[in-house]
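One file, start07.cif, is given below (mmCIF, C-alpha atoms).
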```
data_model
loop_
_atom_site.label_atom_id
_atom_site.label_comp_id
_atom_site.auth_asym_id
_atom_site.auth_seq_id
_atom_site.Cartn_x
_atom_site.Cartn_y
_atom_site.Cartn_z
CA MET A 1 0.00 0.00 0.00
CA ASP A 2 1.18 3.51 -0.82
CA TYR A 3 1.46 5.32 2.51
CA GLN A 4 2.57 8.67 1.09
CA LYS A 5 -0.85 10.19 1.77
CA LEU A 6 0.13 10.08 5.46
CA PHE A 7 2.39 13.06 4.80
CA GLU A 8 -0.31 15.19 3.16
CA PRO A 9 -1.73 17.33 6.00
CA GLU A 10 -4.47 18.99 3.99
CA VAL A 11 -8.07 18.34 5.01
CA THR A 12 -9.49 15.83 2.53
CA GLY A 13 -12.98 14.46 2.16
CA GLU A 14 -12.35 11.34 0.09
CA ALA A 15 -12.86 8.87 2.95
CA ILE A 16 -15.94 10.75 4.18
CA LYS A 17 -17.46 10.70 0.70
CA ALA A 18 -16.82 6.98 0.32
CA TRP A 19 -18.29 6.23 3.74
CA ARG A 20 -21.44 8.27 3.22
CA GLY A 21 -21.74 6.77 -0.25
CA GLN A 22 -22.56 3.50 1.51
CA GLY A 23 -25.55 5.14 3.15
CA LYS A 24 -23.80 5.50 6.51
CA LYS A 25 -23.50 8.56 8.72
CA ALA A 26 -20.34 10.56 9.35
CA LEU A 27 -20.07 13.09 12.18
CA GLY A 28 -17.48 15.69 12.96
CA PHE A 29 -16.29 16.00 16.54
CA ILE A 30 -14.54 18.80 18.35
CA CYS A 31 -12.06 18.29 21.17
CA CYS A 32 -10.77 15.00 22.54
CA HIS A 33 -13.41 14.03 25.10
CA VAL A 34 -15.81 12.55 22.53
CA PRO A 35 -15.25 8.77 22.59
CA VAL A 36 -14.74 7.80 18.96
CA GLU A 37 -15.23 4.13 19.86
CA ILE A 38 -18.92 4.78 20.52
CA LEU A 39 -19.46 6.36 17.11
CA HIS A 40 -17.46 3.66 15.35
CA ALA A 41 -19.38 0.88 17.11
CA LEU A 42 -22.61 2.36 15.75
CA GLU A 43 -21.16 2.46 12.21
CA ILE A 44 -20.81 6.25 12.31
CA MET A 45 -17.54 7.59 10.97
CA PRO A 46 -15.92 9.99 13.47
CA VAL A 47 -14.02 12.88 11.87
CA ARG A 48 -12.11 15.23 14.13
CA LEU A 49 -12.59 18.77 12.84
CA ARG A 50 -9.53 20.93 12.27
CA ALA A 51 -8.57 24.14 10.49
CA THR A 52 -5.36 23.07 8.73
CA GLY A 53 -4.58 25.41 5.86
CA CYS A 54 -7.31 27.94 6.66
CA ALA A 55 -5.74 31.28 5.68
CA GLU A 56 -8.89 33.40 5.94
CA SER A 57 -12.12 32.92 7.87
CA PRO A 58 -14.60 35.65 6.85
CA ASP A 59 -17.66 33.59 7.83
CA GLY A 60 -16.09 32.40 11.05
CA ASP A 61 -15.08 35.97 11.88
CA ALA A 62 -18.62 37.17 11.27
CA TRP A 63 -20.17 34.71 13.70
CA MET A 64 -17.47 34.56 16.39
CA SER A 65 -15.91 37.28 18.53
CA THR A 66 -12.50 38.64 17.56
CA PHE A 67 -11.41 37.46 21.01
CA SER A 68 -12.06 33.89 19.91
CA CYS A 69 -8.96 32.00 18.82
CA SER A 70 -8.28 31.78 15.10
CA TYR A 71 -8.20 27.98 15.32
CA ALA A 72 -11.86 27.84 16.40
CA ARG A 73 -12.84 30.46 13.82
CA GLY A 74 -11.02 28.44 11.18
CA MET A 75 -12.94 25.28 12.06
CA LEU A 76 -16.20 27.19 11.85
CA GLN A 77 -15.14 28.62 8.50
CA TYR A 78 -14.51 25.15 7.10
CA TRP A 79 -17.86 23.95 8.42
CA LEU A 80 -19.87 26.87 7.04
CA SER A 81 -18.07 26.79 3.68
CA GLY A 82 -18.94 23.13 3.17
CA LYS A 83 -15.39 21.82 3.27
CA TYR A 84 -16.66 19.18 5.66
CA ALA A 85 -19.52 17.26 4.04
CA LEU A 86 -20.78 15.65 7.25
CA ASP A 87 -24.09 14.78 8.86
CA GLY A 88 -23.48 16.90 11.94
CA ILE A 89 -21.21 17.58 14.89
CA VAL A 90 -20.73 16.01 18.31
CA THR A 91 -18.66 17.92 20.85
CA SER A 92 -17.70 18.15 24.47
CA ASP A 93 -17.14 21.38 26.37
CA GLY A 94 -13.39 21.12 25.97
CA CYS A 95 -12.77 24.86 26.04
CA MET A 96 -14.79 28.03 25.55
CA MET A 97 -13.47 28.62 22.03
CA SER A 98 -14.38 25.20 20.62
CA ALA A 99 -17.75 25.41 22.39
CA ARG A 100 -18.50 28.69 20.61
CA CYS A 101 -17.54 27.09 17.29
CA PHE A 102 -20.13 24.38 17.97
CA ASP A 103 -22.77 26.87 19.17
CA ASN A 104 -22.49 29.00 16.05
CA ALA A 105 -22.47 26.03 13.68
CA LYS A 106 -25.67 24.78 15.35
CA HIS A 107 -27.24 28.25 15.30
CA VAL A 108 -26.61 28.74 11.58
CA ASP A 109 -28.00 25.26 10.88
CA GLU A 110 -31.20 25.98 12.81
CA LYS A 111 -31.52 29.47 11.34
CA ASN A 112 -31.39 28.06 7.81
CA ASN A 113 -33.40 24.90 8.58
CA ILE A 114 -30.61 22.64 7.31
CA GLY A 115 -31.38 19.81 9.73
CA LYS A 116 -27.95 18.49 10.65
CA PHE A 117 -27.29 16.50 13.84
CA PHE A 118 -25.81 18.47 16.75
CA PHE A 119 -25.12 17.15 20.23
CA GLN A 120 -22.91 18.34 23.09
CA ILE A 121 -21.82 16.33 26.11
CA GLY A 122 -20.46 17.74 29.33
CA ALA A 123 -16.97 16.55 30.24
CA PRO A 124 -16.13 17.33 33.88
CA ARG A 125 -12.88 19.08 34.72
CA LYS A 126 -12.16 16.73 37.62
CA THR A 127 -11.70 12.97 37.71
CA GLY A 128 -13.43 11.82 40.91
CA SER A 129 -16.12 9.14 41.26
CA LEU A 130 -18.97 11.68 41.16
CA GLU A 131 -17.58 13.25 37.97
CA LEU A 132 -17.15 9.83 36.39
CA ARG A 133 -20.79 8.90 37.04
CA TYR A 134 -21.90 12.22 35.56
CA TYR A 135 -19.79 11.65 32.45
CA ILE A 136 -21.15 8.12 32.02
CA ASN A 137 -24.70 9.50 32.10
CA GLU A 138 -23.71 12.09 29.49
CA LEU A 139 -22.40 9.29 27.26
CA LYS A 140 -25.64 7.34 27.72
CA ASP A 141 -27.59 10.35 26.48
CA LEU A 142 -25.25 10.60 23.51
CA ILE A 143 -25.64 6.89 22.72
CA GLU A 144 -29.43 7.18 22.72
CA LYS A 145 -29.32 10.00 20.16
CA LEU A 146 -26.70 8.26 18.03
CA GLU A 147 -28.74 5.07 17.95
CA GLU A 148 -31.67 7.08 16.59
CA LEU A 149 -29.42 8.72 13.99
CA SER A 150 -27.71 5.53 12.80
CA GLY A 151 -30.55 3.04 13.17
CA ASN A 152 -28.17 0.74 15.05
CA LYS A 153 -28.12 -0.46 18.66
CA LEU A 154 -24.98 -0.35 20.77
CA THR A 155 -23.95 -3.54 22.51
CA ASP A 156 -20.99 -4.34 24.73
CA GLU A 157 -19.66 -6.68 22.06
CA LYS A 158 -19.76 -3.99 19.39
CA LEU A 159 -18.11 -1.51 21.74
CA LYS A 160 -15.36 -3.96 22.73
CA ALA A 161 -14.63 -4.68 19.06
CA SER A 162 -14.36 -0.96 18.39
CA ILE A 163 -12.07 -0.45 21.38
CA ALA A 164 -9.81 -3.24 20.12
CA LYS A 165 -9.58 -1.59 16.72
CA TYR A 166 -8.65 1.82 18.15
CA ASN A 167 -6.19 0.21 20.54
CA GLU A 168 -4.52 -1.34 17.51
CA ALA A 169 -4.17 2.12 15.95
CA ARG A 170 -2.76 3.48 19.23
CA GLU A 171 -0.20 0.71 19.43
CA LEU A 172 0.90 1.27 15.83
CA MET A 173 1.23 5.02 16.43
CA ARG A 174 3.28 4.25 19.53
CA GLN A 175 5.67 2.34 17.28
CA VAL A 176 5.87 5.34 14.95
CA LEU A 177 6.63 7.63 17.89
CA GLU A 178 9.30 5.22 19.19
CA LEU A 179 11.22 5.80 15.95
CA ARG A 180 11.86 9.35 17.13
CA LYS A 181 13.96 8.15 20.08
CA ALA A 182 16.83 7.14 17.81
CA GLU A 183 19.99 9.25 17.70
CA ASN A 184 19.24 9.84 14.02
CA PRO A 185 15.49 9.30 13.53
CA VAL A 186 14.03 8.34 10.18
CA ILE A 187 11.09 10.66 10.69
CA SER A 188 10.93 14.41 11.30
CA GLY A 189 8.59 16.18 13.68
CA GLU A 190 6.78 17.66 10.70
CA ASP A 191 6.10 14.20 9.28
CA ALA A 192 5.12 12.75 12.66
CA LEU A 193 2.45 15.42 13.13
CA ALA A 194 1.20 14.95 9.57
CA ILE A 195 0.79 11.21 10.23
CA ALA A 196 -1.17 11.85 13.41
CA LEU A 197 -3.42 14.30 11.57
CA LYS A 198 -4.43 11.59 9.10
CA SER A 199 -6.29 9.86 11.93
CA CYS A 200 -8.73 12.78 11.67
CA ASP A 201 -9.54 12.14 8.01
CA TYR A 202 -9.79 8.38 7.55
CA THR A 203 -11.64 5.48 9.08
CA VAL A 204 -9.64 3.71 11.76
CA GLU A 205 -9.32 0.69 9.47
CA GLU A 206 -7.79 2.81 6.69
CA PHE A 207 -5.50 4.55 9.16
CA ILE A 208 -4.26 1.22 10.52
CA ALA A 209 -3.48 -0.03 7.01
CA LEU A 210 -1.49 3.13 6.23
CA LEU A 211 0.46 2.89 9.50
CA LYS A 212 1.32 -0.74 8.86
CA ALA A 213 2.60 0.11 5.39
CA PHE A 214 4.74 2.94 6.76
CA LEU A 215 6.22 0.87 9.58
CA ALA A 216 7.04 -1.97 7.19
CA ASP A 217 9.10 0.45 5.11
CA ALA A 218 10.56 2.52 7.96
CA LYS A 219 13.85 0.57 7.94
CA ASN A 220 14.43 1.73 4.37
CA ARG A 221 14.09 5.43 5.18
CA VAL A 222 17.19 7.62 5.32
CA PRO A 223 18.11 8.70 8.88
CA ILE A 224 18.14 12.44 9.61
CA THR A 225 21.70 13.46 10.44
CA ASP A 226 21.93 17.20 9.76
CA LYS A 227 20.05 18.63 12.75
CA ARG A 228 21.62 20.74 15.51
CA ALA A 229 19.18 20.30 18.41
CA ARG A 230 16.62 17.73 19.57
CA LEU A 231 13.39 19.57 20.43
CA MET A 232 9.98 18.92 21.94
CA ILE A 233 6.89 20.98 21.14
CA VAL A 234 4.02 21.52 23.58
CA GLY A 235 1.01 23.80 23.72
CA SER A 236 -2.28 24.71 22.06
CA ALA A 237 -4.08 22.62 19.47
CA LEU A 238 -1.62 22.61 16.55
CA ASP A 239 -2.91 21.12 13.31
CA ASN A 240 -0.39 22.62 10.88
CA PRO A 241 2.91 20.74 10.44
CA GLY A 242 4.24 23.84 8.67
CA TYR A 243 4.98 25.40 12.06
CA LEU A 244 7.36 22.55 12.84
CA LYS A 245 8.93 22.76 9.38
CA VAL A 246 9.92 26.41 9.89
CA ILE A 247 11.88 25.48 13.01
CA GLU A 248 13.27 22.24 11.60
CA ASP A 249 14.54 24.14 8.56
CA LYS A 250 16.69 26.14 11.01
CA GLY A 251 18.36 23.04 12.41
CA GLY A 252 15.94 21.82 15.04
CA LEU A 253 14.44 18.33 15.05
CA PHE A 254 11.24 17.67 16.94
CA VAL A 255 11.59 14.23 18.49
CA ALA A 256 8.65 14.54 20.91
CA ASP A 257 5.47 16.51 21.44
CA ALA A 258 2.61 17.09 23.86
CA LEU A 259 -0.05 18.05 21.31
CA CYS A 260 -3.67 16.94 21.21
CA TYR A 261 -3.39 16.53 17.43
CA GLY A 262 -0.02 14.80 17.87
CA SER A 263 1.10 12.06 20.23
CA ARG A 264 -1.20 12.66 23.22
CA PRO A 265 -4.27 10.71 22.00
CA PHE A 266 -2.11 7.67 21.22
CA ASN A 267 0.04 7.33 24.32
CA HIS A 268 -2.09 4.76 26.13
CA VAL A 269 -4.35 1.91 25.08
CA MET A 270 -7.72 1.55 26.74
CA ASP A 271 -8.10 -1.14 29.40
CA VAL A 272 -11.52 -2.81 29.37
CA ASP A 273 -13.48 -4.07 32.36
CA GLU A 274 -15.68 -6.81 30.89
CA LYS A 275 -18.33 -6.05 33.53
CA ASP A 276 -18.47 -2.34 32.73
CA VAL A 277 -17.44 -1.60 29.16
CA LEU A 278 -18.99 1.86 28.94
CA GLY A 279 -17.48 2.74 32.32
CA SER A 280 -14.09 1.73 30.93
CA VAL A 281 -14.54 4.14 28.02
CA ALA A 282 -15.59 6.96 30.32
CA LYS A 283 -12.69 6.37 32.71
CA TYR A 284 -10.18 6.34 29.85
CA TYR A 285 -11.35 9.61 28.32
CA LEU A 286 -11.78 11.40 31.63
CA THR A 287 -8.47 10.41 33.23
CA ARG A 288 -6.00 10.34 30.34
CA ILE A 289 -3.68 13.34 30.26
CA VAL A 290 -4.27 15.42 27.14
CA CYS A 291 -4.30 19.12 28.00
CA PRO A 292 -4.48 21.49 31.00
CA ARG A 293 -8.29 21.78 30.96
CA MET A 294 -8.51 19.28 33.84
CA MET A 295 -8.21 20.84 37.28
CA ASP A 296 -6.77 17.86 39.14
CA ASN A 297 -4.14 16.41 36.81
CA ARG A 298 -2.34 19.48 35.51
CA GLU A 299 0.69 18.74 37.66
CA GLU A 300 0.75 15.23 36.18
CA LEU A 301 0.80 16.80 32.72
CA GLN A 302 3.72 19.03 33.67
CA LYS A 303 5.61 16.07 35.10
CA TRP A 304 4.84 14.02 32.00
CA VAL A 305 6.22 16.74 29.72
CA THR A 306 9.41 16.98 31.77
CA GLU A 307 9.93 13.22 31.97
CA THR A 308 9.22 12.78 28.25
CA ALA A 309 11.76 15.49 27.44
CA LYS A 310 14.34 13.54 29.42
CA GLU A 311 13.33 10.20 27.88
CA TYR A 312 13.73 11.53 24.34
CA ARG A 313 16.97 13.34 25.23
CA VAL A 314 15.52 16.73 24.35
CA ASP A 315 17.82 19.77 24.22
CA GLY A 316 15.01 22.33 24.36
CA VAL A 317 11.23 22.75 24.47
CA VAL A 318 9.16 25.00 22.21
CA TYR A 319 6.02 26.14 24.00
CA GLU A 320 3.51 27.44 21.47
CA LYS A 321 0.28 29.07 22.54
CA MET A 322 -2.57 30.19 20.35
CA GLN A 323 -3.60 33.79 20.98
CA TYR A 324 -6.58 33.80 23.39
CA CYS A 325 -6.06 30.11 24.22
CA GLU A 326 -7.98 29.31 27.38
CA CYS A 327 -6.19 26.06 28.22
CA TRP A 328 -2.56 26.81 27.33
CA GLY A 329 -2.46 30.59 27.75
CA GLY A 330 -0.53 30.59 31.04
CA GLU A 331 0.62 27.03 31.56
CA SER A 332 4.24 27.98 30.87
CA MET A 333 4.35 29.69 34.28
CA PHE A 334 4.08 26.26 35.90
CA LEU A 335 5.96 24.24 33.30
CA GLU A 336 9.04 26.45 32.88
CA PRO A 337 10.39 26.03 36.46
CA MET A 338 10.18 22.22 36.18
CA LEU A 339 12.04 22.24 32.87
CA LYS A 340 14.60 24.66 34.27
CA ASP A 341 15.28 22.31 37.19
CA ALA A 342 15.84 19.55 34.63
CA GLY A 343 18.29 21.75 32.71
CA ILE A 344 16.02 22.06 29.67
CA PRO A 345 15.56 25.56 28.15
CA ILE A 346 12.15 26.66 26.85
CA LEU A 347 11.16 28.99 24.00
CA THR A 348 7.66 30.48 24.28
CA VAL A 349 5.98 31.68 21.08
CA GLU A 350 2.49 33.04 20.46
CA ARG A 351 0.81 32.17 17.20
CA GLU A 352 -2.31 32.25 15.09
CA GLU A 353 -3.85 29.41 13.07
CA HIS A 354 -2.53 30.76 9.77
CA LEU A 355 1.26 30.74 9.55
CA ALA A 356 1.66 34.43 8.78
CA ASN A 357 4.76 35.12 10.88
CA ALA A 358 7.06 32.41 9.52
CA GLY A 359 9.98 34.82 9.19
CA GLN A 360 9.80 35.98 12.78
CA LEU A 361 9.38 32.39 14.00
CA ALA A 362 12.43 31.31 12.00
CA ILE A 363 14.59 34.07 13.52
CA ARG A 364 13.56 33.20 17.06
CA ALA A 365 14.02 29.48 16.43
CA GLU A 366 17.52 29.97 15.05
CA ALA A 367 18.51 32.11 18.05
CA PHE A 368 17.11 29.44 20.41
CA ILE A 369 19.05 26.67 18.68
CA GLU A 370 22.26 28.73 18.75
CA MET A 371 21.77 29.29 22.48
CA ILE A 372 21.39 25.54 23.01
CA GLU A 373 24.58 24.88 21.04
CA LYS A 374 26.53 27.41 23.13
CA GLU A 375 25.32 25.84 26.38
CA ASP A 376 26.41 22.42 25.16
#
```

Re-express the file's structure as structure tokens.
Amino acid sequence: MDYQKLFEPEVTGEAIKAWRGQGKKALGFICCHVPVEILHALEIMPVRLRATGCAESPDGDAWMSTFSCSYARGMLQYWLSGKYALDGIVTSDGCMMSARCFDNAKHVDEKNNIGKFFFQIGAPRKTGSLELRYYINELKDLIEKLEELSGNKLTDEKLKASIAKYNEARELMRQVLELRKAENPVISGEDALAIALKSCDYTVEEFIALLKAFLADAKNRVPITDKRARLMIVGSALDNPGYLKVIEDKGGLFVADALCYGSRPFNHVMDVDEKDVLGSVAKYYLTRIVCPRMMDNREELQKWVTETAKEYRVDGVVYEKMQYCECWGGESMFLEPMLKDAGIPILTVEREEHLANAGQLAIRAEAFIEMIEKED
């Protein structure tokens, strides 16, 4: 199988078109607290919405405040312009910006009597037993609506089969990420992010086939030997590998990340309690460390970033934050001291969805890499 499409980050609709051509439903989802296994088990294709390549968002700007992040406005732009030919959107209240994207998409749909499917679940910001029960009830409400939409009934057996399939994808992505530990990796940070983004566009079965093809050929790829610093990137939702390319063109090499479009969704497989399958799904999505939105595991996230930087022998961390980002806007205040204690310098950059300041980013990246070289 030709796996080269893994390195094409553009939003494509070919898999969505093929899926819906079979008479099946496909739903977009926003944020990472919507369990894709539930949709998949009901034969609904889950498609994580993103704004990759969105240079202008006139419709998104018209409906959303200028104090909304450009990432959320870009997603709304793609939805309103028809770039995503989907049957609706499912979301969780991941952050205020993504919630407003959902609200406005739903409002425009209702205003124009389009009739798409819209549903939002509440994802608690704590991980206690009370919060878990609440989240499970939210998922039950979602399942009821999705069963009506799809005409299918969810069973534990269907859900377990779906979990197994997504766990296979997670394990294969873990193998891809392990390649980055090498002294001279055969994959750049730009390519690693592009691969992860493809999970947003294809069915899990198609994604698995592409990953298997890539891994089978990985030994034949030429190692990267011309980089000056091993880097890690952390921060706001980043769905444009071009940001990494700008820095890698200046001699950096991203060997690790803490991005919700990157490695974070793939770091752990889901354990299943045969007596409580839905509870297992809820526990996995509520307790896994993805971003700082959770109130009681932020310190765990900071520790994970620091330990991962050590594990991948990182020389420096690039902390990127989207302007007006609710979740990552001030996290560097807590993360920087931990990295400093570990002897790892950090570069903080503010950005927008569209890569309009590539020149400035390149200058700052080169200065950061030169600083790392002098310290070595």

Is it possible to get the axis-aligned box enclosing region 141-157 of chain A (all listed atoms, 4 Å extra per side) as JSON, with centre and edge lengths in Å rounded to one decimal?
```
{"center_x": -25.7, "center_y": 2.0, "center_z": 19.6, "size_x": 20.0, "size_y": 25.3, "size_z": 21.7}
```

*Give as a VMD selection string the residues that the PyMOL selection byres ((chain A and resi 300) around 12) matches when applied to the coordinates above.*
chain A and resid 287 to 292 294 to 299 301 to 308 334 to 335 338

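Interatomic distance, CA of Leu146 (chain A) against CA of Leu80 (chain A): 22.7 Å.
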
_So, with all atoms listed in the file as the atoms that count, which of A:Val318, A:Leu211, A:Val34, A:Ala182 lies closest to Leu49 (chain A)?_
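Checking each candidate against Leu49 (chain A), we get A:Val34 as the closest.
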
*Let me know the residues the PyMOL selection byres ((chain A and resi 85) around 12) catches in the file above, as a ChimeraX atom specification.*
/A:11-21,25-28,47,49,78-84,86-89,116,201

*Apply the PyMOL selection byres ((chain A and resi 56) around 12) to the structure shown and report the selected residues as a VMD selection string.*
chain A and resid 51 to 55 57 to 62 70 to 71 73 to 78 81 352 to 356

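Taking CA of Asp239 (chain A) as the reference point, CA of Thr91 (chain A) is found at 17.8 Å.
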
*For CA of Thr348 (chain A) and CA of Lys126 (chain A), determine how far apart the two atoms are, in Å to one decimal place.*
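Separating CA of Thr348 (chain A) from CA of Lys126 (chain A) is a distance of 27.6 Å.
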
Excluding region 263-267 of chain A and any residue of its chain fewer than 3 positions from it, enumerate the residues within 7 Å of it, using only C-alpha atoms, and give them as a compact mmCIF listing (two decimals) with C-alpha atoms, in the frame of the given file.
```
# COMPACT_ATOMS: atom_id res chain seq x y z
CA ARG A 170 -2.76 3.48 19.23
CA MET A 173 1.23 5.02 16.43
CA ARG A 174 3.28 4.25 19.53
CA ASP A 257 5.47 16.51 21.44
CA ALA A 258 2.61 17.09 23.86
CA LEU A 259 -0.05 18.05 21.31
CA CYS A 260 -3.67 16.94 21.21
CA VAL A 290 -4.27 15.42 27.14
```

*Residue nearest Leu39 (chain A) - candidates A:Val90, A:Ile369, A:Leu244, A:Cys101, atoms counted: only C-alpha atoms*: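 Of all the options, A:Val90 lies closest to Leu39 (chain A).
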
*Please provide as a list in words all residues within 10 Å of Ala209 (chain A), with the sequence filter that same-chain residues fewer than 3 positions apart are discarded (counting all atoms listed in the file).*
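So the residues in contact are Met1, Asp2, Tyr3, Ala169, Leu172, Val204, Glu205, Glu206, Lys212, Ala213 and Phe214 of chain A.
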
*Given the choices A:Ala365, A:Leu149, A:Phe102, A:Asn113, which gets closest to Lys245 (chain A) if the distance is worked out from all atoms listed in the file?*
A:Ala365

*asked:* Using only C-alpha atoms for the distances, tell me which of A:Gly252, A:Gly23, A:Pro9, A:Gly330 is nearest to Gly235 (chain A).
replied: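 The answer is A:Gly330, which sits nearest to Gly235 (chain A).
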
My structure is short of atoms at region 101-125 of chain A; please model N, CA and C atoms there, returning them as an mmCIF file, keeping the file's coordinate frame.
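And here's out-v7.cif as it stands now:
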```cif
data_model
loop_
_atom_site.group_PDB
_atom_site.id
_atom_site.type_symbol
_atom_site.label_atom_id
_atom_site.label_comp_id
_atom_site.auth_asym_id
_atom_site.auth_seq_id
_atom_site.Cartn_x
_atom_site.Cartn_y
_atom_site.Cartn_z
ATOM 1 N N CYS A 101 -17.529 27.590 18.670
ATOM 2 C CA CYS A 101 -17.540 27.090 17.290
ATOM 3 C C CYS A 101 -18.756 26.194 17.089
ATOM 4 N N PHE A 102 -18.966 25.280 18.031
ATOM 5 C CA PHE A 102 -20.130 24.380 17.970
ATOM 6 C C PHE A 102 -21.436 25.167 18.031
ATOM 7 N N ASP A 103 -21.537 26.100 18.990
ATOM 8 C CA ASP A 103 -22.770 26.870 19.170
ATOM 9 C C ASP A 103 -23.169 27.601 17.887
ATOM 10 N N ASN A 104 -22.186 28.224 17.254
ATOM 11 C CA ASN A 104 -22.490 29.000 16.050
ATOM 12 C C ASN A 104 -22.814 28.108 14.858
ATOM 13 N N ALA A 105 -22.145 26.973 14.746
ATOM 14 C CA ALA A 105 -22.470 26.030 13.680
ATOM 15 C C ALA A 105 -23.908 25.545 13.842
ATOM 16 N N LYS A 106 -24.297 25.237 15.065
ATOM 17 C CA LYS A 106 -25.670 24.780 15.350
ATOM 18 C C LYS A 106 -26.677 25.899 15.088
ATOM 19 N N HIS A 107 -26.333 27.123 15.495
ATOM 20 C CA HIS A 107 -27.240 28.250 15.300
ATOM 21 C C HIS A 107 -27.499 28.506 13.815
ATOM 22 N N VAL A 108 -26.457 28.500 13.014
ATOM 23 C CA VAL A 108 -26.610 28.740 11.580
ATOM 24 C C VAL A 108 -27.448 27.627 10.949
ATOM 25 N N ASP A 109 -27.214 26.387 11.394
ATOM 26 C CA ASP A 109 -28.000 25.260 10.880
ATOM 27 C C ASP A 109 -29.480 25.448 11.182
ATOM 28 N N GLU A 110 -29.798 25.801 12.421
ATOM 29 C CA GLU A 110 -31.200 25.980 12.810
ATOM 30 C C GLU A 110 -31.816 27.185 12.124
ATOM 31 N N LYS A 111 -31.030 28.253 11.985
ATOM 32 C CA LYS A 111 -31.520 29.470 11.340
ATOM 33 C C LYS A 111 -31.914 29.206 9.892
ATOM 34 N N ASN A 112 -31.144 28.340 9.227
ATOM 35 C CA ASN A 112 -31.390 28.060 7.810
ATOM 36 C C ASN A 112 -32.151 26.755 7.582
ATOM 37 N N ASN A 113 -32.626 26.139 8.675
ATOM 38 C CA ASN A 113 -33.400 24.900 8.580
ATOM 39 C C ASN A 113 -32.693 23.812 7.775
ATOM 40 N N ILE A 114 -31.403 23.632 8.050
ATOM 41 C CA ILE A 114 -30.610 22.640 7.310
ATOM 42 C C ILE A 114 -30.867 21.235 7.847
ATOM 43 N N GLY A 115 -31.001 21.100 9.150
ATOM 44 C CA GLY A 115 -31.380 19.810 9.730
ATOM 45 C C GLY A 115 -30.253 18.853 10.030
ATOM 46 N N LYS A 116 -29.067 19.355 10.278
ATOM 47 C CA LYS A 116 -27.950 18.490 10.650
ATOM 48 C C LYS A 116 -28.103 18.035 12.107
ATOM 49 N N PHE A 117 -27.289 17.049 12.475
ATOM 50 C CA PHE A 117 -27.290 16.500 13.840
ATOM 51 C C PHE A 117 -26.279 17.269 14.686
ATOM 52 N N PHE A 118 -26.723 17.773 15.837
ATOM 53 C CA PHE A 118 -25.810 18.470 16.750
ATOM 54 C C PHE A 118 -26.058 17.964 18.175
ATOM 55 N N PHE A 119 -24.975 17.622 18.863
ATOM 56 C CA PHE A 119 -25.120 17.150 20.230
ATOM 57 C C PHE A 119 -23.849 17.489 21.018
ATOM 58 N N GLN A 120 -24.044 17.998 22.231
ATOM 59 C CA GLN A 120 -22.910 18.340 23.090
ATOM 60 C C GLN A 120 -23.010 17.583 24.401
ATOM 61 N N ILE A 121 -21.882 16.999 24.815
ATOM 62 C CA ILE A 121 -21.820 16.330 26.110
ATOM 63 C C ILE A 121 -20.968 17.166 27.052
ATOM 64 N N GLY A 122 -21.262 17.062 28.332
ATOM 65 C CA GLY A 122 -20.460 17.740 29.330
ATOM 66 C C GLY A 122 -19.343 16.836 29.816
ATOM 67 N N ALA A 123 -18.124 17.306 29.733
ATOM 68 C CA ALA A 123 -16.970 16.550 30.240
ATOM 69 C C ALA A 123 -16.453 17.272 31.473
ATOM 70 N N PRO A 124 -16.584 16.666 32.652
ATOM 71 C CA PRO A 124 -16.130 17.330 33.880
ATOM 72 C C PRO A 124 -14.647 17.696 33.818
ATOM 73 N N ARG A 125 -14.277 18.647 34.656
ATOM 74 C CA ARG A 125 -12.880 19.080 34.720
ATOM 75 C C ARG A 125 -12.160 18.490 35.932
#
```
